[in-house]
Amino acid sequence: MTRKALEKKLFIGYIVVFFLFFDTHFQMPILAPFARSLGATPFIVGSIVSMYSLFNIIGNLISGHVIDLRSWKKPLTVGILGTTLSLYFYSLATSPYVLLMIRAFHGLAGGLVIPATMVYLTRTPTARTDVVSQRMAYYGACIGLAALTGPPAAGMMAAYHGFENTYRAIAVFLFLAAVLAIFFMKENVISERKNISFKEHYKRIKNASSLRIAFSFIFLLMGATGTLASFLPLKAESLGASPAFTGGLFAAFAATAIMVQLFWPLLVKRFNLFYFLLAGLVLLIMALVLLSCTTSLFVLFFPMALYGAAFGLLFPASLELVARGSQPSWKGLATGFFFVFFSLGVAVVPPLGGLLWQSQLHLSPFLTAAAVALFLSLSVTKKRILTTQAELKKIK
């Protein structure tokens, strides 16, 4: 395959990744109001939001195992068509319980797609470290770009055209991604398919030090991100901010994350991966602590930028650990488990933060997320990460 042809295939993959995560971020400002407009109680609203993550986990595991046994193309095709249909079904929802079922279907379909896109981008004719680093950085940058553009676009469309038409529009948007995925995304490498059991794959993943570290860091990172999405709007509102100002805070986070990830391939050549994980962890905890104690609206931009830098360091580092720390025969399931912990972080940490906030402790949700991050990082010592470095060198 020529370099030009390979770059064209990868560019299509990045576009599809952007579309898929645009769908996820697009719904952040409109899903809860839409559910309330259908008569949902606060508990049902929370259930509707979390239902996606629950069924996303199931889809991640199914997709990962199918990728290893067959191909990434099948779960990608089924998942992206299912995602497109589910977005159209949102516009037909007549009650919160119907919306709850649609969310479950959407989560399952989305769970099939994401591991497939990552395997597509990593299963290439070369395994050079700088190439893997660059692709993981661009993967993260596509997610950051979706986070930067999705919420404002949804807010403006819903304000002028209503919830139903907004969901129909995003369904059309995803249909274009489906066309790209089905007709233009091809297998880069045709590998030998082996009928290896799920249990055998799981043992290999469990024994890989690099994957355990990646799973821990993506759990704490997405737990903190979910906490931001859930409680930052409430904090900003309590300080007198408008929804537009809150959107600007999230934009500061997304823009910083994109910039850091674009420089990631250059930085990772010069420094040990341990230092990126450590720096990202420190910045993340600092940002969460500052968010918990800041009482000025404009000062909130500083911890949000810090958090964006932390995300820009930790996300591609975690992706690279998965991409380089798993072998082709079980890379699909390893990627599936990575996104299981991705979803678990969002599903577990924000509710825990809300519970402790409402308890007699009245602990800030941001401090809860910081405590979870610190607790998980205590088990990830420098010795273990250096062991992982040696493990990755053997794989290469």
# chains A, B, ... in the order shown; residues from 1 in each chain; ligands from 1

$ select_by_dssp --residues "region 77-298 of chain A" --states "helix (DSSP H, G or I)" --output "JSON, numbers by chain"
{"A": [77, 78, 79, 80, 81, 82, 83, 84, 85, 86, 87, 88, 89, 90, 96, 97, 98, 99, 100, 101, 102, 103, 104, 105, 106, 107, 108, 109, 110, 111, 112, 113, 114, 115, 116, 117, 118, 119, 120, 121, 122, 129, 130, 131, 132, 133, 134, 135, 136, 137, 138, 139, 140, 141, 142, 143, 144, 145, 146, 147, 148, 149, 150, 151, 152, 153, 154, 155, 156, 157, 158, 159, 160, 161, 162, 163, 164, 165, 166, 167, 168, 169, 170, 171, 172, 173, 174, 175, 176, 177, 178, 179, 180, 181, 182, 183, 184, 198, 199, 200, 201, 202, 203, 204, 205, 206, 209, 210, 211, 212, 213, 214, 215, 216, 217, 218, 219, 220, 221, 222, 223, 224, 225, 226, 227, 228, 229, 230, 231, 232, 233, 234, 235, 236, 237, 238, 243, 244, 245, 246, 247, 248, 249, 250, 251, 252, 253, 254, 255, 256, 257, 258, 259, 260, 261, 262, 263, 264, 265, 266, 267, 268, 273, 274, 275, 276, 277, 278, 279, 280, 281, 282, 283, 284, 285, 286, 287, 288, 289, 290, 291, 292, 293, 298]}

$ closest_residue --among "A:Met222, A:Met28, A:Ala93, A:Ala279" --to "Gly247 (chain A)" --atoms "only C-alpha atoms"
A:Met28

$ closest_residue --among "A:Gly79, A:Gly226, A:Gly111, A:Gly39" --to "Tyr52 (chain A)" --atoms "only C-alpha atoms"
A:Gly111

$ closest_residue --among "A:Val348, A:Leu319, A:Ala252, A:Leu31" --to "Val299 (chain A)" --atoms "only C-alpha atoms"
A:Ala252

$ atom_distance --atom1 "CA of Val349 (chain A)" --atom2 "CA of Phe215 (chain A)"
14.7 Å

$ residues_around --residues "Leu376 (chain A)" --least-positions-apart "4" --cutoff "10 Å" --atoms "only C-alpha atoms" --output "NGL selection string"
:A and (213 or 216-217 or 219-220 or 371-372 or 380)

$ residues_around --residues "Tyr120 (chain A)" --least-positions-apart "6" --cutoff "12 Å" --atoms "only C-alpha atoms" --output "ChimeraX atom specification"
/A:6,9-14,16-17,67,71-76,113-114,132,135-136,139,181,185-190,323,328,331-332,335

$ write_last_selection --atoms "N, CA and C atoms" --output "compact mmCIF listing (two decimals), in the first residue's frame"
# COMPACT_ATOMS: atom_id res chain seq x y z
N LEU A 6 -2.54 4.97 2.09
CA LEU A 6 -2.70 4.71 3.52
C LEU A 6 -3.22 5.95 4.25
N LYS A 9 -6.94 6.37 3.66
CA LYS A 9 -7.74 5.45 4.46
C LYS A 9 -7.82 5.91 5.91
N LEU A 10 -6.68 6.36 6.45
CA LEU A 10 -6.67 6.81 7.83
C LEU A 10 -7.49 8.09 8.01
N PHE A 11 -7.43 8.98 7.04
CA PHE A 11 -8.20 10.22 7.11
C PHE A 11 -9.70 9.92 7.17
N ILE A 12 -10.14 8.96 6.38
CA ILE A 12 -11.55 8.55 6.43
C ILE A 12 -11.88 8.01 7.81
N GLY A 13 -10.96 7.23 8.37
CA GLY A 13 -11.18 6.71 9.72
C GLY A 13 -11.32 7.81 10.75
N TYR A 14 -10.49 8.85 10.66
CA TYR A 14 -10.58 9.97 11.60
C TYR A 14 -11.91 10.71 11.45
N VAL A 16 -14.77 9.40 10.52
CA VAL A 16 -15.80 8.57 11.13
C VAL A 16 -15.73 8.65 12.65
N VAL A 17 -14.52 8.65 13.22
CA VAL A 17 -14.36 8.80 14.67
C VAL A 17 -14.96 10.12 15.14
N ILE A 67 -14.17 -8.83 16.67
CA ILE A 67 -13.01 -8.31 15.93
C ILE A 67 -11.89 -9.34 15.89
N SER A 71 -13.57 -9.86 12.03
CA SER A 71 -13.09 -8.62 11.42
C SER A 71 -13.68 -7.44 12.18
N TRP A 72 -12.99 -6.30 12.10
CA TRP A 72 -13.55 -5.09 12.71
C TRP A 72 -14.68 -4.52 11.85
N LYS A 73 -14.74 -4.93 10.56
CA LYS A 73 -15.71 -4.33 9.64
C LYS A 73 -17.16 -4.67 10.00
N LYS A 74 -17.40 -5.90 10.47
CA LYS A 74 -18.77 -6.31 10.76
C LYS A 74 -19.36 -5.53 11.95
N PRO A 75 -18.69 -5.48 13.11
CA PRO A 75 -19.27 -4.68 14.19
C PRO A 75 -19.35 -3.20 13.86
N LEU A 76 -18.40 -2.70 13.05
CA LEU A 76 -18.45 -1.30 12.65
C LEU A 76 -19.70 -1.02 11.81
N VAL A 113 -19.20 0.01 17.77
CA VAL A 113 -18.45 0.81 16.79
C VAL A 113 -17.08 1.26 17.29
N ILE A 114 -17.01 1.77 18.51
CA ILE A 114 -15.79 2.46 18.95
C ILE A 114 -14.56 1.55 18.95
N VAL A 132 2.30 4.81 15.76
CA VAL A 132 1.25 4.50 16.71
C VAL A 132 0.92 5.72 17.56
N ARG A 135 -1.10 8.31 15.59
CA ARG A 135 -2.49 7.92 15.34
C ARG A 135 -3.34 8.00 16.60
N MET A 136 -2.76 7.63 17.73
CA MET A 136 -3.51 7.74 18.99
C MET A 136 -3.75 9.20 19.36
N TYR A 139 -6.49 10.42 17.11
CA TYR A 139 -7.74 9.82 17.58
C TYR A 139 -8.31 10.67 18.72
N ALA A 181 -18.02 4.66 6.20
CA ALA A 181 -17.51 3.47 6.87
C ALA A 181 -17.74 2.22 6.03
N MET A 185 -13.95 2.27 4.15
CA MET A 185 -13.04 1.74 5.16
C MET A 185 -12.82 0.26 4.89
N LYS A 186 -11.58 -0.08 4.50
CA LYS A 186 -11.25 -1.46 4.15
C LYS A 186 -10.22 -2.01 5.14
N GLU A 187 -10.13 -3.36 5.17
CA GLU A 187 -9.12 -4.00 6.01
C GLU A 187 -7.73 -3.61 5.51
N ASN A 188 -6.87 -3.12 6.43
CA ASN A 188 -5.49 -2.80 6.06
C ASN A 188 -4.62 -4.06 6.01
N VAL A 189 -4.92 -4.96 6.93
CA VAL A 189 -4.15 -6.20 7.01
C VAL A 189 -5.12 -7.35 7.17
N ILE A 190 -4.96 -8.38 6.37
CA ILE A 190 -5.79 -9.58 6.52
C ILE A 190 -5.00 -10.58 7.33
N ALA A 323 -2.72 0.09 22.30
CA ALA A 323 -2.34 -0.18 20.91
C ALA A 323 -1.04 -0.97 20.82
N PRO A 328 -1.93 -8.67 17.82
CA PRO A 328 -3.02 -8.64 16.83
C PRO A 328 -4.13 -9.64 17.09
N LYS A 331 -6.11 -8.02 20.06
CA LYS A 331 -6.19 -6.56 20.16
C LYS A 331 -7.64 -6.08 20.24
N GLY A 332 -8.54 -6.76 19.54
CA GLY A 332 -9.94 -6.34 19.54
C GLY A 332 -10.55 -6.39 20.94
N THR A 335 -9.07 -3.77 23.24
CA THR A 335 -9.68 -2.47 22.97
C THR A 335 -11.10 -2.41 23.55

$ closest_residue --among "A:Ser329, A:Gln360, A:Gln261, A:Thr84" --to "Gly308 (chain A)" --atoms "only C-alpha atoms"
A:Gln261

$ residues_around --residues "Leu87 (chain A)" --least-positions-apart "5" --cutoff "12 Å" --atoms "only C-alpha atoms" --output "VMD selection string"
chain A and resid 20 23 to 24 26 to 27 31 80 to 82 92 to 93 99 102 to 107 109 to 110 163 to 175

$ atom_distance --atom1 "CA of Thr368 (chain A)" --atom2 "CA of Ile258 (chain A)"
26.0 Å

$ closest_residue --among "A:Ile30, A:Leu112, A:Ala153, A:Val98" --to "Phe55 (chain A)" --atoms "only C-alpha atoms"
A:Leu112

$ closest_residue --among "A:Gly240, A:Gly223, A:Pro265, A:Gly345" --to "Phe366 (chain A)" --atoms "only C-alpha atoms"
A:Gly223

$ decode --residues "region 87-235 of chain A" --atoms "C-alpha atoms" --output "mmCIF file, in the first residue's frame"
data_model
loop_
_atom_site.group_PDB
_atom_site.id
_atom_site.type_symbol
_atom_site.label_atom_id
_atom_site.label_comp_id
_atom_site.auth_asym_id
_atom_site.auth_seq_id
_atom_site.Cartn_x
_atom_site.Cartn_y
_atom_site.Cartn_z
ATOM 1 C CA LEU A 87 -30.864 8.778 16.626
ATOM 2 C CA TYR A 88 -33.881 8.892 14.325
ATOM 3 C CA PHE A 89 -35.923 6.938 16.900
ATOM 4 C CA TYR A 90 -35.220 9.681 19.470
ATOM 5 C CA SER A 91 -37.410 12.001 17.413
ATOM 6 C CA LEU A 92 -40.281 9.497 17.650
ATOM 7 C CA ALA A 93 -40.166 9.033 21.439
ATOM 8 C CA THR A 94 -43.505 9.748 23.100
ATOM 9 C CA SER A 95 -42.684 8.924 26.728
ATOM 10 C CA PRO A 96 -39.625 8.755 28.978
ATOM 11 C CA TYR A 97 -39.856 4.944 29.060
ATOM 12 C CA VAL A 98 -39.718 4.719 25.289
ATOM 13 C CA LEU A 99 -36.702 7.043 25.426
ATOM 14 C CA LEU A 100 -35.114 4.733 28.005
ATOM 15 C CA MET A 101 -35.368 1.775 25.608
ATOM 16 C CA ILE A 102 -33.989 3.839 22.736
ATOM 17 C CA ARG A 103 -31.000 4.802 24.894
ATOM 18 C CA ALA A 104 -30.317 1.129 25.598
ATOM 19 C CA PHE A 105 -30.349 0.329 21.874
ATOM 20 C CA HIS A 106 -28.165 3.361 21.153
ATOM 21 C CA GLY A 107 -25.626 2.334 23.806
ATOM 22 C CA LEU A 108 -25.387 -1.205 22.444
ATOM 23 C CA ALA A 109 -24.885 0.040 18.871
ATOM 24 C CA GLY A 110 -22.321 2.636 19.952
ATOM 25 C CA GLY A 111 -20.422 -0.002 21.910
ATOM 26 C CA LEU A 112 -19.978 -2.066 18.735
ATOM 27 C CA VAL A 113 -18.455 0.810 16.789
ATOM 28 C CA ILE A 114 -15.790 2.456 18.953
ATOM 29 C CA PRO A 115 -13.398 -0.538 19.433
ATOM 30 C CA ALA A 116 -13.664 -1.221 15.697
ATOM 31 C CA THR A 117 -12.505 2.289 14.769
ATOM 32 C CA MET A 118 -9.498 2.080 17.082
ATOM 33 C CA VAL A 119 -8.455 -1.324 15.727
ATOM 34 C CA TYR A 120 -8.867 0.032 12.187
ATOM 35 C CA LEU A 121 -6.438 2.851 12.928
ATOM 36 C CA THR A 122 -3.850 0.638 14.651
ATOM 37 C CA ARG A 123 -3.955 -2.434 12.375
ATOM 38 C CA THR A 124 -1.615 -1.027 9.733
ATOM 39 C CA PRO A 125 1.423 -2.225 7.723
ATOM 40 C CA THR A 126 3.835 -0.649 10.211
ATOM 41 C CA ALA A 127 4.235 -0.901 13.979
ATOM 42 C CA ARG A 128 6.731 1.929 14.421
ATOM 43 C CA THR A 129 6.329 3.663 17.776
ATOM 44 C CA ASP A 130 6.061 7.158 16.306
ATOM 45 C CA VAL A 131 3.303 6.051 13.906
ATOM 46 C CA VAL A 132 1.248 4.500 16.714
ATOM 47 C CA SER A 133 1.750 7.598 18.869
ATOM 48 C CA GLN A 134 0.662 9.899 16.070
ATOM 49 C CA ARG A 135 -2.492 7.924 15.336
ATOM 50 C CA MET A 136 -3.509 7.738 18.989
ATOM 51 C CA ALA A 137 -2.946 11.481 19.321
ATOM 52 C CA TYR A 138 -5.093 12.227 16.284
ATOM 53 C CA TYR A 139 -7.744 9.820 17.579
ATOM 54 C CA GLY A 140 -7.885 11.817 20.814
ATOM 55 C CA ALA A 141 -7.866 15.108 18.906
ATOM 56 C CA CYS A 142 -10.918 13.980 16.909
ATOM 57 C CA ILE A 143 -12.724 13.341 20.198
ATOM 58 C CA GLY A 144 -11.654 16.756 21.479
ATOM 59 C CA LEU A 145 -12.899 18.427 18.299
ATOM 60 C CA ALA A 146 -16.244 16.653 18.705
ATOM 61 C CA ALA A 147 -16.429 17.876 22.318
ATOM 62 C CA LEU A 148 -15.639 21.413 21.148
ATOM 63 C CA THR A 149 -18.257 21.579 18.377
ATOM 64 C CA GLY A 150 -21.028 19.151 19.398
ATOM 65 C CA PRO A 151 -22.643 20.848 22.439
ATOM 66 C CA PRO A 152 -22.852 24.363 20.920
ATOM 67 C CA ALA A 153 -24.292 22.961 17.681
ATOM 68 C CA ALA A 154 -26.940 20.991 19.583
ATOM 69 C CA GLY A 155 -27.900 23.948 21.758
ATOM 70 C CA MET A 156 -28.380 26.275 18.798
ATOM 71 C CA MET A 157 -30.310 23.742 16.710
ATOM 72 C CA ALA A 158 -32.630 22.785 19.576
ATOM 73 C CA ALA A 159 -33.312 26.447 20.352
ATOM 74 C CA TYR A 160 -34.405 27.209 16.782
ATOM 75 C CA HIS A 161 -35.787 23.900 15.504
ATOM 76 C CA GLY A 162 -36.853 21.869 18.551
ATOM 77 C CA PHE A 163 -35.626 18.554 19.939
ATOM 78 C CA GLU A 164 -37.239 16.267 17.365
ATOM 79 C CA ASN A 165 -35.806 18.041 14.312
ATOM 80 C CA THR A 166 -32.419 18.266 15.989
ATOM 81 C CA TYR A 167 -32.297 14.488 16.433
ATOM 82 C CA ARG A 168 -33.383 13.958 12.829
ATOM 83 C CA ALA A 169 -30.568 16.231 11.653
ATOM 84 C CA ILE A 170 -27.907 14.360 13.621
ATOM 85 C CA ALA A 171 -29.307 11.069 12.251
ATOM 86 C CA VAL A 172 -28.672 12.354 8.714
ATOM 87 C CA PHE A 173 -25.189 13.426 9.819
ATOM 88 C CA LEU A 174 -24.444 9.910 11.114
ATOM 89 C CA PHE A 175 -25.843 8.354 7.942
ATOM 90 C CA LEU A 176 -23.073 10.112 6.001
ATOM 91 C CA ALA A 177 -20.539 8.544 8.373
ATOM 92 C CA ALA A 178 -22.183 5.153 7.769
ATOM 93 C CA VAL A 179 -21.720 5.554 4.017
ATOM 94 C CA LEU A 180 -18.025 6.383 4.505
ATOM 95 C CA ALA A 181 -17.510 3.466 6.871
ATOM 96 C CA ILE A 182 -19.282 0.855 4.743
ATOM 97 C CA PHE A 183 -17.869 1.770 1.325
ATOM 98 C CA PHE A 184 -14.469 3.352 2.010
ATOM 99 C CA MET A 185 -13.038 1.740 5.157
ATOM 100 C CA LYS A 186 -11.247 -1.462 4.154
ATOM 101 C CA GLU A 187 -9.121 -3.995 6.014
ATOM 102 C CA ASN A 188 -5.491 -2.803 6.056
ATOM 103 C CA VAL A 189 -4.154 -6.203 7.013
ATOM 104 C CA ILE A 190 -5.791 -9.577 6.521
ATOM 105 C CA SER A 191 -4.605 -11.632 9.478
ATOM 106 C CA GLU A 192 -5.098 -15.286 10.240
ATOM 107 C CA ARG A 193 -8.300 -15.852 12.194
ATOM 108 C CA LYS A 194 -7.959 -18.194 15.157
ATOM 109 C CA ASN A 195 -10.840 -19.664 17.082
ATOM 110 C CA ILE A 196 -9.506 -18.703 20.507
ATOM 111 C CA SER A 197 -11.973 -18.651 23.371
ATOM 112 C CA PHE A 198 -13.003 -15.533 25.232
ATOM 113 C CA LYS A 199 -11.444 -17.027 28.390
ATOM 114 C CA GLU A 200 -8.025 -17.449 26.765
ATOM 115 C CA HIS A 201 -8.088 -13.876 25.476
ATOM 116 C CA TYR A 202 -9.117 -12.622 28.914
ATOM 117 C CA LYS A 203 -6.146 -14.353 30.580
ATOM 118 C CA ARG A 204 -3.723 -12.640 28.208
ATOM 119 C CA ILE A 205 -5.311 -9.247 28.842
ATOM 120 C CA LYS A 206 -5.304 -9.797 32.610
ATOM 121 C CA ASN A 207 -1.574 -10.613 32.607
ATOM 122 C CA ALA A 208 -0.560 -7.585 30.518
ATOM 123 C CA SER A 209 0.821 -4.885 32.838
ATOM 124 C CA SER A 210 0.446 -2.178 30.204
ATOM 125 C CA LEU A 211 -3.273 -2.895 29.831
ATOM 126 C CA ARG A 212 -3.942 -2.830 33.580
ATOM 127 C CA ILE A 213 -2.356 0.617 33.743
ATOM 128 C CA ALA A 214 -4.305 1.818 30.696
ATOM 129 C CA PHE A 215 -7.589 0.587 32.175
ATOM 130 C CA SER A 216 -6.891 2.292 35.519
ATOM 131 C CA PHE A 217 -6.037 5.631 33.952
ATOM 132 C CA ILE A 218 -8.944 5.696 31.514
ATOM 133 C CA PHE A 219 -11.338 4.849 34.365
ATOM 134 C CA LEU A 220 -10.121 7.724 36.526
ATOM 135 C CA LEU A 221 -9.915 10.132 33.566
ATOM 136 C CA MET A 222 -13.447 9.444 32.341
ATOM 137 C CA GLY A 223 -14.776 9.395 35.898
ATOM 138 C CA ALA A 224 -13.445 12.915 36.305
ATOM 139 C CA THR A 225 -14.748 13.951 32.867
ATOM 140 C CA GLY A 226 -18.195 12.610 33.681
ATOM 141 C CA THR A 227 -18.094 14.556 36.945
ATOM 142 C CA LEU A 228 -17.315 17.733 35.020
ATOM 143 C CA ALA A 229 -20.174 17.137 32.590
ATOM 144 C CA SER A 230 -22.614 16.453 35.435
ATOM 145 C CA PHE A 231 -21.708 19.102 38.014
ATOM 146 C CA LEU A 232 -19.828 21.949 36.325
ATOM 147 C CA PRO A 233 -23.075 23.348 34.775
ATOM 148 C CA LEU A 234 -24.661 23.329 38.239
ATOM 149 C CA LYS A 235 -21.680 25.125 39.793
#
